[in-house]
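Each remark here refers to the structure printed beneath this line.
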Amino acid sequence: MTDKNYILENPDTGEKFFLKKDLGSIGPSVLDVTSIYSKQGIFTFDPGFAATASCKSDITYIDGENGILMYRGYPIEVLAKSSSFLEVCFLLLNGELPNQDELNNYEKLISDNSNLDKTVLNTLKGFKNDAHPMSILSAMLNSMAAFYHDSIDINKEDQRNTFNTNIISQVPTAAAAAFRHITNKSFLGPDKSLGYCENILKMFFGEKDSEFKFDPISSEALNLLLILHADHEQNCSTSTVRMSGSSGVNPYAAISAGVTALWGPAHGGANEAVINMLDEIGSIDEIDTYVDKAKDKNDPFRLMGFGHRVYKNYDPRAAIIREMCHKVLEQLGEKNSPTLDKAIKLEEIALKDEYFIEKNLYPNVDFYSGIIYQAIGIPKSMFTVIFAIARCAGWLAHWNEMIKDPLTRIGRPRQLYTGKRKRNYLPIKDRR
């Protein structure tokens with residue numbers, strides 16, 4: 001091994017060859033393996049892409065060992081404390097935080113483009129009221145792909161910017177439409193006199209021809225949740241957006257693909273799974289019993305909201321959201337929530353129990369987010385939809401980065417084939 005390259009040797013032929021080592025600004029370096037197949041006739045093997053960098057990116061950095069998350073170089077703790085979600089959207093999409101005039105113009109741009117065309121809204125008619133809202137949101141985004149089928153040239157920056165604006169401004173409206181549909185309420189369009197989070201709450205919970213009143217803590221909590229979920233590097237849904245986008249597909253369809261990937265309980269649906277788990281536990285007196293069940297390899301019960309694929313330390317978002325969780329429950333009159341009591345007890349155990357410490361099963365962001373959503377009136381089925389509203393910012397940033405990257409090629413993973421070798425075909429009359 002040299003300073004710049006790795007020297008590998010083919011065990012069959014003894015031939016030596018080099019792999020270039022590329023360095024990032026911070027974090028692990030990478031080995032460029034693109035020449036391995038052409039030179040050696042072999043593929044690399046990495047199920048789940050646990051050690052594979054699929055792209056170069058300057059958007060989000062995660063240090064899982066030390067519990068660090070940064071957007072464009074800004075620690076998540078700083079952004080969560082001092083910024084609005086639309087400031088973070090601007091940062092992710094443009095690389096820099098806006099000044100006051102830029103932010104004012106951006107807020108107005110998003111507000112002015114928040115209405116949905118009736119063609120898109122008509123998508124709701126194809127769904128029963130018990131449909132999962134993530135399926136509705138995905139369908140509405142594909143409806144947008146049909147509606148904007150001839151007005152998006154992904155190679156033109158101005159048209160990409162229009163697409164970015166439409167997603168940030170209209171996905172909350174589509175999410176609200178899905179929520180009103182499953183709760184048997186008539187659609188309530190956006191109120192352009194309100195801020196981004198306040199408008200979401202009104203579209204969800206407001207009534208026509210009556211003044212909408214909401215507790216400011218609900219808007220504050222929603223703003224925080226959106227910031228914390230805005231991006232998280234090359235996760236499953238972001239990689240899905242990049243993969244589908246690499247084919248040149250209509251970008252609304254690429255975002256729809258991201259929504260579908262996010263829906264899974266191992267990804268965006270994890271916060272819903274946390275509430276289901278806490279409900280299953282029943283009472284705080286049963287916590288120890290369920291912890292023992294979680295430790296039992298033969299028991300199907302799993303503790304949700306603990307551990308993370310990337311973080312091997314405490315999820316930095318969890319500490320931020322835990323404080324907000326207590327604040328929300330206290331101000332909304334639910335300080336003595338049995339759900340929160342169970343969550344706190346589980347957290348205490350996880351931070352002290354050797355089983356959890358050894359396996360790095362620290363509480364993650366999903367552990368508390370569902371409790372906050374419940375406290376402000378959002379049902380479990382909508383948790384992942386709110387997550388999708390937030391993650392659109394990251395999806396867009398990564399999609400734009402991919403489109404502009406000269407190294408981008410259509411995503412096409414390879415495989416280790418373990419099937420049958422070539423076989424002779426037998427006519428059906430000869431088969432036994």
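Convention: chains lettered A, B, ... in structure tokens order; per-chain residue numbering from 1; ligands numbered from 1 as shown.
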Which of segment 47-80 of chain A counts as strand (DSSP E or B) under DSSP, as number ranges by chain please? A: 60-63, 68-71, 74-75
Could you give me, as a list in words, the residues within 10 Å of Leu332 of chain A, counting only C-alpha atoms and dropping anything in the same chain fewer than 5 positions from it? Asp215, Ile217, Ser218, His326, Lys327, Ala375 and Ile376 of chain A
Based on the selection just made, write N, CA and C atoms of those residues as a PDB file, in the first residue's frame.
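Output below, filename again39.pdb:
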ATOM      1  N   ASP A 215     -51.814  26.076  18.778  1.00  0.00           N
ATOM      2  CA  ASP A 215     -50.813  26.417  19.772  1.00  0.00           C
ATOM      3  C   ASP A 215     -49.468  26.615  19.076  1.00  0.00           C
ATOM      4  N   ILE A 217     -46.590  26.104  19.990  1.00  0.00           N
ATOM      5  CA  ILE A 217     -45.645  25.013  20.239  1.00  0.00           C
ATOM      6  C   ILE A 217     -45.778  23.931  19.185  1.00  0.00           C
ATOM      7  N   SER A 218     -46.973  23.768  18.626  1.00  0.00           N
ATOM      8  CA  SER A 218     -47.164  22.762  17.579  1.00  0.00           C
ATOM      9  C   SER A 218     -46.367  23.140  16.334  1.00  0.00           C
ATOM     10  N   HIS A 326     -40.551  16.714  25.592  1.00  0.00           N
ATOM     11  CA  HIS A 326     -40.977  17.118  26.926  1.00  0.00           C
ATOM     12  C   HIS A 326     -41.685  18.471  26.891  1.00  0.00           C
ATOM     13  N   LYS A 327     -41.160  19.378  26.103  1.00  0.00           N
ATOM     14  CA  LYS A 327     -41.741  20.719  26.001  1.00  0.00           C
ATOM     15  C   LYS A 327     -43.160  20.670  25.431  1.00  0.00           C
ATOM     16  N   ALA A 375     -49.019  14.048  19.990  1.00  0.00           N
ATOM     17  CA  ALA A 375     -49.397  15.136  20.882  1.00  0.00           C
ATOM     18  C   ALA A 375     -50.001  16.318  20.131  1.00  0.00           C
ATOM     19  N   ILE A 376     -49.556  16.549  18.897  1.00  0.00           N
ATOM     20  CA  ILE A 376     -50.108  17.683  18.139  1.00  0.00           C
ATOM     21  C   ILE A 376     -51.257  17.252  17.221  1.00  0.00           C
TER      22      ILE A 376
END
Residue contacts of segment 171-176 of chain A (8 Å, only C-alpha atoms) excluding same-chain residues fewer than 4 positions away, as a VMD selection string:
chain A and resid 114 to 116 121 133 137 140 166 to 167 180 187 to 190 200 203 to 204 385 to 386 389
Once you have the residues from the selection above, write them out as an mmCIF file, in the first residue's frame, restricted to C-alpha atoms.
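Full text of part15.cif as output:
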data_model
loop_
_atom_site.group_PDB
_atom_site.id
_atom_site.type_symbol
_atom_site.label_atom_id
_atom_site.label_comp_id
_atom_site.auth_asym_id
_atom_site.auth_seq_id
_atom_site.Cartn_x
_atom_site.Cartn_y
_atom_site.Cartn_z
ATOM 1 C CA SER A 114 -48.492 26.002 -3.000
ATOM 2 C CA ASN A 115 -51.775 25.361 -4.848
ATOM 3 C CA LEU A 116 -52.376 22.022 -6.550
ATOM 4 C CA LEU A 121 -56.393 16.609 -6.625
ATOM 5 C CA PRO A 133 -51.751 8.120 2.944
ATOM 6 C CA LEU A 137 -49.000 10.786 -1.743
ATOM 7 C CA MET A 140 -50.316 12.247 -6.415
ATOM 8 C CA ASN A 166 -43.098 22.920 -6.873
ATOM 9 C CA ILE A 167 -42.012 20.016 -4.701
ATOM 10 C CA ARG A 180 -58.369 15.173 4.747
ATOM 11 C CA PHE A 187 -60.027 19.556 1.085
ATOM 12 C CA LEU A 188 -58.768 22.810 2.584
ATOM 13 C CA GLY A 189 -56.339 24.688 0.367
ATOM 14 C CA PRO A 190 -53.251 26.613 1.475
ATOM 15 C CA ILE A 200 -49.481 22.733 7.082
ATOM 16 C CA MET A 203 -54.555 22.505 5.975
ATOM 17 C CA PHE A 204 -54.592 19.459 8.250
ATOM 18 C CA VAL A 385 -46.028 11.485 5.321
ATOM 19 C CA ILE A 386 -44.663 14.328 7.479
ATOM 20 C CA ILE A 389 -42.440 16.493 3.437
#
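Those residues that approach Asn184 of chain A to within 10 Å, counting only C-alpha atoms, are Asn129, Asp130, Ala178, Phe179 and Arg180 of chain A; same-chain residues fewer than 4 positions away are not listed.
Excluding segment 10-24 of chain A and any residue on its chain fewer than 2 positions from it, the residues at most 9 Å away by only C-alpha atoms are Asp3, Lys4, Asn5, Tyr6, Ile7, Leu8, Ile26, Gly27, Pro28, Ser29, Val30, Leu31, Asp32, Val33, Thr34, Ser35, Ile36, Lys39, Gln40 and Lys56 of chain A.
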Excluding Leu361 of chain A and residues on its chain fewer than 4 positions from it, collect all residues at most 9 Å away from it, counting only C-alpha atoms, and give them as JSON, numbers by chain. {"A": [305, 306, 307, 308, 312, 313, 314, 350, 351, 355, 356, 357]}
Selection from above, N, CA and C atoms, as an mmCIF file, in the first residue's frame, can you write it?
data_model
loop_
_atom_site.group_PDB
_atom_site.id
_atom_site.type_symbol
_atom_site.label_atom_id
_atom_site.label_comp_id
_atom_site.auth_asym_id
_atom_site.auth_seq_id
_atom_site.Cartn_x
_atom_site.Cartn_y
_atom_site.Cartn_z
ATOM 1 N N GLY A 305 -36.973 1.863 17.513
ATOM 2 C CA GLY A 305 -36.471 3.187 17.863
ATOM 3 C C GLY A 305 -35.129 3.162 18.569
ATOM 4 N N PHE A 306 -34.468 1.998 18.559
ATOM 5 C CA PHE A 306 -33.156 1.878 19.183
ATOM 6 C C PHE A 306 -32.140 1.422 18.148
ATOM 7 N N GLY A 307 -30.962 2.043 18.197
ATOM 8 C CA GLY A 307 -29.912 1.684 17.257
ATOM 9 C C GLY A 307 -30.117 2.348 15.913
ATOM 10 N N HIS A 308 -29.075 2.357 15.109
ATOM 11 C CA HIS A 308 -29.145 2.975 13.790
ATOM 12 C C HIS A 308 -28.090 2.346 12.904
ATOM 13 N N LYS A 312 -23.146 4.717 15.562
ATOM 14 C CA LYS A 312 -22.674 3.739 16.537
ATOM 15 C C LYS A 312 -22.564 4.404 17.907
ATOM 16 N N ASN A 313 -23.083 5.596 17.984
ATOM 17 C CA ASN A 313 -23.130 6.355 19.212
ATOM 18 C C ASN A 313 -24.551 6.895 19.318
ATOM 19 N N TYR A 314 -24.782 7.824 20.206
ATOM 20 C CA TYR A 314 -26.120 8.408 20.357
ATOM 21 C C TYR A 314 -26.479 9.212 19.116
ATOM 22 N N ALA A 350 -31.862 1.517 28.241
ATOM 23 C CA ALA A 350 -30.963 1.404 27.081
ATOM 24 C C ALA A 350 -29.615 2.068 27.340
ATOM 25 N N LEU A 351 -29.603 3.135 28.125
ATOM 26 C CA LEU A 351 -28.358 3.860 28.376
ATOM 27 C C LEU A 351 -27.519 3.227 29.489
ATOM 28 N N TYR A 355 -26.376 -4.982 27.669
ATOM 29 C CA TYR A 355 -26.827 -5.560 26.402
ATOM 30 C C TYR A 355 -26.978 -4.470 25.341
ATOM 31 N N PHE A 356 -27.604 -3.354 25.713
ATOM 32 C CA PHE A 356 -27.817 -2.258 24.774
ATOM 33 C C PHE A 356 -26.506 -1.533 24.466
ATOM 34 N N ILE A 357 -25.686 -1.337 25.497
ATOM 35 C CA ILE A 357 -24.422 -0.617 25.306
ATOM 36 C C ILE A 357 -23.493 -1.405 24.385
#
One residue among A:Leu278, A:Ala139, A:Leu201, A:Met134 is nearest to Trp263 of chain A when using only C-alpha atoms, and that residue is A:Met134
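These are the residues of segment 285-339 of chain A assigned helix (DSSP H, G or I) by DSSP from backbone coordinates: Asp285, Glu286, Ile287, Asp288, Thr289, Tyr290, Val291, Asp292, Lys293, Ala294, Lys295, Pro316, Arg317, Ala318, Ala319, Ile320, Ile321, Arg322, Glu323, Met324, Cys325, His326, Lys327, Val328, Leu329, Glu330, Gln331, Pro338 and Thr339 of chain A.
Comparing the minimum interatomic distances between Cys89 of chain A and each of A:Thr44, A:Ser256, A:Ser169, A:Thr119, counting only C-alpha atoms, we find that A:Ser169 sits nearest.
Using only C-alpha atoms for every distance, the candidate list A:Gly245, A:Pro338, A:Gly269, A:Pro98 yields A:Gly269 as the residue closest to Gly370 of chain A.
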From the list A:Ile281, A:Tyr417, A:Ala397, A:Lys297, the nearest residue to Leu346 of chain A using only C-alpha atoms is A:Ile281
Within 12 Å of Thr289 of chain A, counting only C-alpha atoms, which residues show up once you throw out same-chain ones fewer than 4 positions away? Write them as a PyMOL selection string, please. chain A and resi 280-285+293-296+299+301+303+346
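With distances restricted to only C-alpha atoms, A:Pro265 is the closest residue to Asp366 of chain A from A:Pro265, A:Gly419, A:Pro300, A:Pro406.
Restricting the calculation to only C-alpha atoms, the smallest distance between Asn400 of chain A and any of A:Arg242, A:Lys81, A:His132, A:His181 is found for A:Arg242.
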note - atom CA of Val310 of chain A and atom CA of Pro413 of chain A are separated by 21.6 Å
